[in-house]
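**Student:** Provided below: upload_0.txt, containing compact mmCIF, N, CA and C atoms.
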# COMPACT_ATOMS: atom_id res chain seq x y z
N MET B 1291 106.39 98.17 90.13
CA MET B 1291 107.76 98.63 90.03
C MET B 1291 108.01 99.77 91.02
N LYS B 1292 106.99 100.61 91.23
CA LYS B 1292 107.13 101.73 92.15
C LYS B 1292 107.38 101.22 93.57
N LYS B 1293 106.72 100.14 93.95
CA LYS B 1293 106.87 99.59 95.29
C LYS B 1293 108.28 99.04 95.48
N VAL B 1294 108.79 98.39 94.46
CA VAL B 1294 110.15 97.86 94.54
C VAL B 1294 111.14 99.01 94.68
N TRP B 1295 110.93 100.08 93.92
CA TRP B 1295 111.79 101.25 93.99
C TRP B 1295 111.75 101.88 95.38
N GLN B 1296 110.55 102.04 95.95
CA GLN B 1296 110.43 102.61 97.29
C GLN B 1296 111.12 101.74 98.32
N PHE B 1297 110.95 100.44 98.23
CA PHE B 1297 111.60 99.53 99.17
C PHE B 1297 113.11 99.59 99.03
N THR B 1298 113.61 99.66 97.80
CA THR B 1298 115.05 99.72 97.56
C THR B 1298 115.64 101.00 98.11
N VAL B 1299 115.00 102.13 97.82
CA VAL B 1299 115.50 103.42 98.30
C VAL B 1299 115.45 103.48 99.83
N GLY B 1300 114.35 103.02 100.41
CA GLY B 1300 114.24 103.01 101.87
C GLY B 1300 115.29 102.13 102.51
N SER B 1301 115.54 100.97 101.93
CA SER B 1301 116.55 100.06 102.47
C SER B 1301 117.94 100.65 102.33
N ALA B 1302 118.23 101.26 101.18
CA ALA B 1302 119.55 101.87 100.97
C ALA B 1302 119.77 103.02 101.95
N LEU B 1303 118.74 103.83 102.16
CA LEU B 1303 118.86 104.94 103.10
C LEU B 1303 119.09 104.42 104.52
N GLY B 1304 118.37 103.41 104.91
CA GLY B 1304 118.55 102.83 106.23
C GLY B 1304 119.94 102.23 106.40
N LEU B 1305 120.43 101.54 105.37
CA LEU B 1305 121.76 100.95 105.42
C LEU B 1305 122.83 102.03 105.51
N PHE B 1306 122.65 103.12 104.76
CA PHE B 1306 123.60 104.23 104.80
C PHE B 1306 123.65 104.84 106.19
N ILE B 1307 122.50 105.09 106.78
CA ILE B 1307 122.47 105.69 108.11
C ILE B 1307 123.05 104.73 109.14
N PHE B 1308 122.76 103.45 109.02
CA PHE B 1308 123.32 102.45 109.93
C PHE B 1308 124.84 102.42 109.83
N ALA B 1309 125.36 102.43 108.61
CA ALA B 1309 126.80 102.39 108.41
C ALA B 1309 127.45 103.67 108.93
N ALA B 1310 126.81 104.82 108.68
CA ALA B 1310 127.36 106.09 109.16
C ALA B 1310 127.38 106.14 110.68
N SER B 1311 126.32 105.66 111.31
CA SER B 1311 126.28 105.70 112.77
C SER B 1311 127.34 104.76 113.36
N ASN B 1312 127.57 103.63 112.72
CA ASN B 1312 128.63 102.73 113.19
C ASN B 1312 130.01 103.35 113.00
N ALA B 1313 130.19 104.07 111.90
CA ALA B 1313 131.49 104.71 111.67
C ALA B 1313 131.75 105.77 112.73
N PHE B 1314 130.75 106.54 113.08
CA PHE B 1314 130.93 107.56 114.11
C PHE B 1314 131.11 106.92 115.48
N ALA B 1315 130.50 105.79 115.71
CA ALA B 1315 130.63 105.12 117.01
C ALA B 1315 132.03 104.55 117.20
N GLN B 1316 132.74 104.27 116.12
CA GLN B 1316 134.08 103.70 116.20
C GLN B 1316 135.15 104.77 116.37
N TRP B 1317 134.78 105.98 116.66
CA TRP B 1317 135.69 107.12 116.75
C TRP B 1317 136.88 106.81 117.64
N GLY B 1318 136.63 106.28 118.81
CA GLY B 1318 137.70 105.91 119.73
C GLY B 1318 138.28 107.12 120.45
N GLY B 1319 139.26 106.89 121.26
CA GLY B 1319 139.91 107.98 121.98
C GLY B 1319 138.96 108.63 122.97
N GLY B 1320 139.09 109.90 123.15
CA GLY B 1320 138.16 110.64 124.01
C GLY B 1320 138.32 110.27 125.47
N TYR B 1321 137.28 109.94 126.11
CA TYR B 1321 137.23 109.72 127.55
C TYR B 1321 137.59 108.28 127.89
N GLY B 1322 138.87 108.01 128.00
CA GLY B 1322 139.33 106.69 128.38
C GLY B 1322 139.16 105.65 127.28
N GLY B 1323 139.02 106.08 126.03
CA GLY B 1323 138.91 105.14 124.93
C GLY B 1323 137.55 104.46 124.83
N TRP B 1324 136.52 105.11 125.31
CA TRP B 1324 135.19 104.50 125.28
C TRP B 1324 134.47 104.73 123.96
N GLY B 1325 135.09 105.37 123.01
CA GLY B 1325 134.50 105.54 121.68
C GLY B 1325 133.53 106.69 121.56
N HIS B 1326 133.60 107.67 122.47
CA HIS B 1326 132.67 108.79 122.39
C HIS B 1326 133.28 109.99 121.70
N GLY B 1327 134.55 110.01 121.50
CA GLY B 1327 135.19 111.14 120.85
C GLY B 1327 135.27 112.33 121.77
N PRO B 1328 135.94 113.37 121.33
CA PRO B 1328 136.12 114.54 122.18
C PRO B 1328 134.88 115.44 122.19
N GLY B 1329 134.65 116.10 123.28
CA GLY B 1329 133.61 117.12 123.35
C GLY B 1329 132.21 116.57 123.56
N MET B 1330 131.29 117.51 123.66
CA MET B 1330 129.89 117.16 123.89
C MET B 1330 129.29 116.51 122.64
N MET B 1331 128.38 115.60 122.83
CA MET B 1331 127.66 114.92 121.74
C MET B 1331 128.62 114.14 120.85
N GLY B 1332 129.69 113.61 121.41
CA GLY B 1332 130.59 112.76 120.64
C GLY B 1332 131.36 113.49 119.56
N GLY B 1333 131.60 114.78 119.74
CA GLY B 1333 132.39 115.52 118.77
C GLY B 1333 131.58 116.07 117.61
N TYR B 1334 130.28 115.92 117.61
CA TYR B 1334 129.46 116.43 116.52
C TYR B 1334 129.14 117.90 116.70
N GLY B 1335 129.41 118.46 117.85
CA GLY B 1335 129.07 119.85 118.12
C GLY B 1335 127.57 120.02 118.15
N GLY B 1336 127.06 120.99 117.45
CA GLY B 1336 125.63 121.25 117.42
C GLY B 1336 124.87 120.34 116.48
N PHE B 1337 125.59 119.55 115.69
CA PHE B 1337 124.92 118.71 114.69
C PHE B 1337 124.49 117.35 115.23
N GLY B 1338 124.93 117.00 116.42
CA GLY B 1338 124.58 115.71 116.99
C GLY B 1338 123.09 115.52 117.13
N PHE B 1339 122.41 116.56 117.57
CA PHE B 1339 120.96 116.50 117.73
C PHE B 1339 120.27 116.34 116.38
N ILE B 1340 120.76 117.05 115.38
CA ILE B 1340 120.17 116.98 114.04
C ILE B 1340 120.39 115.59 113.44
N ILE B 1341 121.57 115.04 113.63
CA ILE B 1341 121.86 113.70 113.12
C ILE B 1341 120.96 112.67 113.80
N MET B 1342 120.76 112.84 115.11
CA MET B 1342 119.90 111.91 115.84
C MET B 1342 118.46 111.97 115.32
N ILE B 1343 117.95 113.17 115.09
CA ILE B 1343 116.59 113.33 114.56
C ILE B 1343 116.49 112.74 113.16
N ALA B 1344 117.49 113.02 112.31
CA ALA B 1344 117.48 112.47 110.94
C ALA B 1344 117.51 110.95 110.97
N PHE B 1345 118.27 110.39 111.89
CA PHE B 1345 118.35 108.94 112.01
C PHE B 1345 116.98 108.36 112.34
N TRP B 1346 116.30 108.92 113.34
CA TRP B 1346 115.01 108.36 113.75
C TRP B 1346 113.92 108.61 112.71
N VAL B 1347 113.99 109.75 112.02
CA VAL B 1347 113.03 110.00 110.94
C VAL B 1347 113.23 108.97 109.83
N ALA B 1348 114.49 108.68 109.48
CA ALA B 1348 114.76 107.68 108.45
C ALA B 1348 114.27 106.30 108.88
N ILE B 1349 114.45 105.96 110.14
CA ILE B 1349 113.98 104.66 110.64
C ILE B 1349 112.46 104.58 110.53
N ILE B 1350 111.76 105.63 110.96
CA ILE B 1350 110.29 105.63 110.93
C ILE B 1350 109.78 105.58 109.49
N VAL B 1351 110.39 106.37 108.59
CA VAL B 1351 109.98 106.35 107.18
C VAL B 1351 110.22 104.97 106.58
N GLY B 1352 111.34 104.35 106.91
CA GLY B 1352 111.62 103.01 106.42
C GLY B 1352 110.60 101.99 106.89
N ILE B 1353 110.19 102.10 108.15
CA ILE B 1353 109.18 101.19 108.69
C ILE B 1353 107.84 101.41 107.99
N VAL B 1354 107.48 102.67 107.76
CA VAL B 1354 106.22 102.98 107.08
C VAL B 1354 106.22 102.39 105.67
N PHE B 1355 107.33 102.60 104.93
CA PHE B 1355 107.42 102.03 103.58
C PHE B 1355 107.34 100.51 103.62
N LEU B 1356 108.00 99.89 104.59
CA LEU B 1356 107.97 98.43 104.70
C LEU B 1356 106.55 97.92 104.97
N VAL B 1357 105.85 98.59 105.89
CA VAL B 1357 104.48 98.17 106.22
C VAL B 1357 103.56 98.35 105.02
N ARG B 1358 103.69 99.48 104.32
CA ARG B 1358 102.85 99.71 103.14
C ARG B 1358 103.15 98.69 102.06
N TRP B 1359 104.42 98.37 101.86
CA TRP B 1359 104.81 97.40 100.84
C TRP B 1359 104.27 96.02 101.19
N LEU B 1360 104.38 95.64 102.45
CA LEU B 1360 103.87 94.34 102.87
C LEU B 1360 102.35 94.28 102.76
N ALA B 1361 101.67 95.37 103.08
CA ALA B 1361 100.20 95.40 103.02
C ALA B 1361 99.72 95.28 101.58
N THR B 1362 100.36 95.98 100.65
CA THR B 1362 99.91 95.91 99.25
C THR B 1362 100.29 94.59 98.61
N SER B 1363 101.43 94.01 98.99
CA SER B 1363 101.80 92.72 98.41
C SER B 1363 100.93 91.59 98.97
N ALA B 1364 100.42 91.75 100.20
CA ALA B 1364 99.54 90.74 100.78
C ALA B 1364 98.17 90.75 100.10
N ARG B 1365 97.75 91.92 99.63
CA ARG B 1365 96.46 92.02 98.94
C ARG B 1365 96.50 91.41 97.56
N GLY B 1366 97.64 91.22 97.02
CA GLY B 1366 97.75 90.64 95.69
C GLY B 1366 98.13 91.66 94.65
N GLY B 1367 98.00 92.93 94.95
CA GLY B 1367 98.43 93.97 94.04
C GLY B 1367 97.62 94.10 92.76
N GLY B 1368 96.46 93.51 92.68
CA GLY B 1368 95.62 93.66 91.51
C GLY B 1368 95.55 92.42 90.66
N SER B 1369 94.73 92.47 89.63
CA SER B 1369 94.49 91.33 88.75
C SER B 1369 95.62 91.21 87.74
N THR B 1370 95.97 89.97 87.42
CA THR B 1370 96.99 89.73 86.41
C THR B 1370 96.38 89.35 85.07
N GLU B 1371 95.06 89.22 85.03
CA GLU B 1371 94.39 88.86 83.79
C GLU B 1371 94.26 90.09 82.89
N SER B 1372 94.38 89.85 81.59
CA SER B 1372 94.18 90.94 80.64
C SER B 1372 92.67 91.16 80.44
N ALA B 1373 92.34 92.28 79.85
CA ALA B 1373 90.94 92.62 79.61
C ALA B 1373 90.29 91.60 78.66
N LEU B 1374 91.05 91.13 77.69
CA LEU B 1374 90.51 90.15 76.73
C LEU B 1374 90.22 88.81 77.42
N GLU B 1375 91.09 88.41 78.34
CA GLU B 1375 90.84 87.16 79.07
C GLU B 1375 89.59 87.27 79.94
N ILE B 1376 89.41 88.41 80.57
CA ILE B 1376 88.20 88.62 81.38
C ILE B 1376 86.96 88.60 80.51
N LEU B 1377 87.06 89.23 79.33
CA LEU B 1377 85.94 89.25 78.40
C LEU B 1377 85.59 87.83 77.93
N LYS B 1378 86.61 87.04 77.62
CA LYS B 1378 86.37 85.66 77.20
C LYS B 1378 85.73 84.84 78.32
N LYS B 1379 86.17 85.07 79.52
CA LYS B 1379 85.62 84.34 80.67
C LYS B 1379 84.15 84.72 80.87
N ARG B 1380 83.82 86.00 80.74
CA ARG B 1380 82.43 86.44 80.89
C ARG B 1380 81.54 85.84 79.81
N TYR B 1381 82.08 85.75 78.59
CA TYR B 1381 81.31 85.15 77.49
C TYR B 1381 81.11 83.65 77.74
N ALA B 1382 82.17 82.98 78.22
CA ALA B 1382 82.07 81.54 78.49
C ALA B 1382 81.09 81.25 79.62
N GLN B 1383 80.97 82.14 80.58
CA GLN B 1383 80.05 81.93 81.70
C GLN B 1383 78.62 82.36 81.36
N GLY B 1384 78.44 82.95 80.18
CA GLY B 1384 77.10 83.33 79.75
C GLY B 1384 76.64 84.68 80.27
N GLU B 1385 77.53 85.48 80.80
CA GLU B 1385 77.16 86.81 81.30
C GLU B 1385 76.84 87.76 80.15
N ILE B 1386 77.49 87.57 79.01
CA ILE B 1386 77.24 88.41 77.83
C ILE B 1386 76.98 87.51 76.63
N ASP B 1387 76.25 88.05 75.64
CA ASP B 1387 75.96 87.26 74.45
C ASP B 1387 77.05 87.48 73.40
N LYS B 1388 76.93 86.74 72.27
CA LYS B 1388 77.97 86.78 71.23
C LYS B 1388 78.09 88.16 70.61
N LYS B 1389 76.97 88.85 70.42
CA LYS B 1389 76.99 90.17 69.80
C LYS B 1389 77.76 91.16 70.69
N GLU B 1390 77.47 91.14 71.97
CA GLU B 1390 78.16 92.04 72.90
C GLU B 1390 79.63 91.67 73.02
N PHE B 1391 79.93 90.35 73.02
CA PHE B 1391 81.31 89.89 73.07
C PHE B 1391 82.11 90.42 71.89
N GLU B 1392 81.55 90.28 70.67
CA GLU B 1392 82.26 90.73 69.47
C GLU B 1392 82.46 92.26 69.49
N ARG B 1393 81.44 92.98 69.96
CA ARG B 1393 81.54 94.44 70.01
C ARG B 1393 82.64 94.88 70.98
N LYS B 1394 82.67 94.27 72.15
CA LYS B 1394 83.68 94.64 73.14
C LYS B 1394 85.07 94.17 72.74
N LYS B 1395 85.13 93.03 72.08
CA LYS B 1395 86.41 92.53 71.60
C LYS B 1395 87.00 93.48 70.56
N LYS B 1396 86.13 94.00 69.69
CA LYS B 1396 86.55 94.95 68.67
C LYS B 1396 87.04 96.25 69.32
N ASP B 1397 86.40 96.67 70.39
CA ASP B 1397 86.83 97.88 71.11
C ASP B 1397 88.20 97.69 71.75
N LEU B 1398 88.43 96.48 72.26
CA LEU B 1398 89.71 96.22 72.93
C LEU B 1398 90.87 96.11 71.94
N LEU B 1399 90.60 95.51 70.80
CA LEU B 1399 91.66 95.32 69.81
C LEU B 1399 91.63 96.44 68.82
Could you render the structure as structure tokens?

**Tutor:**
Amino acid sequence: MKKVWQFTVGSALGLFIFAASNAFAQWGGGYGGWGHGPGMMGGYGGFGFIIMIAFWVAIIVGIVFLVRWLATSARGGGSTESALEILKKRYAQGEIDKKEFERKKKDLL
């Protein structure tokens, strides 16, 4: 569940930044209507550099989360068998005897 949450938050953050950057790019006017807006840095003043850094940090963090999520999902994310099923399988394969099986079963339940 944590991986799904991280992927969702990372995707939402990336989508938000993408939408915000497109909204600022559609400013229009300015220098012959080329969409740069008035003034240096497209009208952001001193914040243009900070927005650019935040954008690239968000992109890099999103990529890291995506790679980690893909790597853990490719590994299988762990066993889906319960402890009792594993215990039954070990008993059926003869790894443990009936006395040990009953003792461990009692511990589990």

**Student:** Any idea what's packed within 8 Å of Lys1394 (chain B), counting all atoms listed in the file, ignoring anything in its chain fewer than 6 positions away? Could you give it as a list in words?

**Tutor:**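 Final neighbour list, sorted by chain and number: Leu1374, Leu1377 and Lys1388 of chain B.
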
**Student:** Quote the spacing between CA of Tyr1381 (chain B) and CA of Arg1393 (chain B) in Å to one decimal place.

**Tutor:**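 Between CA of Tyr1381 (chain B) and CA of Arg1393 (chain B) the gap works out to 11.9 Å.
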
**Student:** Show me the residues around (87.2, 88.1, 73.8) - criterion: an atom at most 7 Å away, only N, CA and C atoms counted - as a ChimeraX atom specification.

**Tutor:** /B:1373-1379,1391-1392,1394-1395

**Student:** CA of Arg1358 (chain B) and CA of Phe1339 (chain B) are how many Å apart?

**Tutor:**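 Between CA of Arg1358 (chain B) and CA of Phe1339 (chain B) the gap works out to 28.7 Å.
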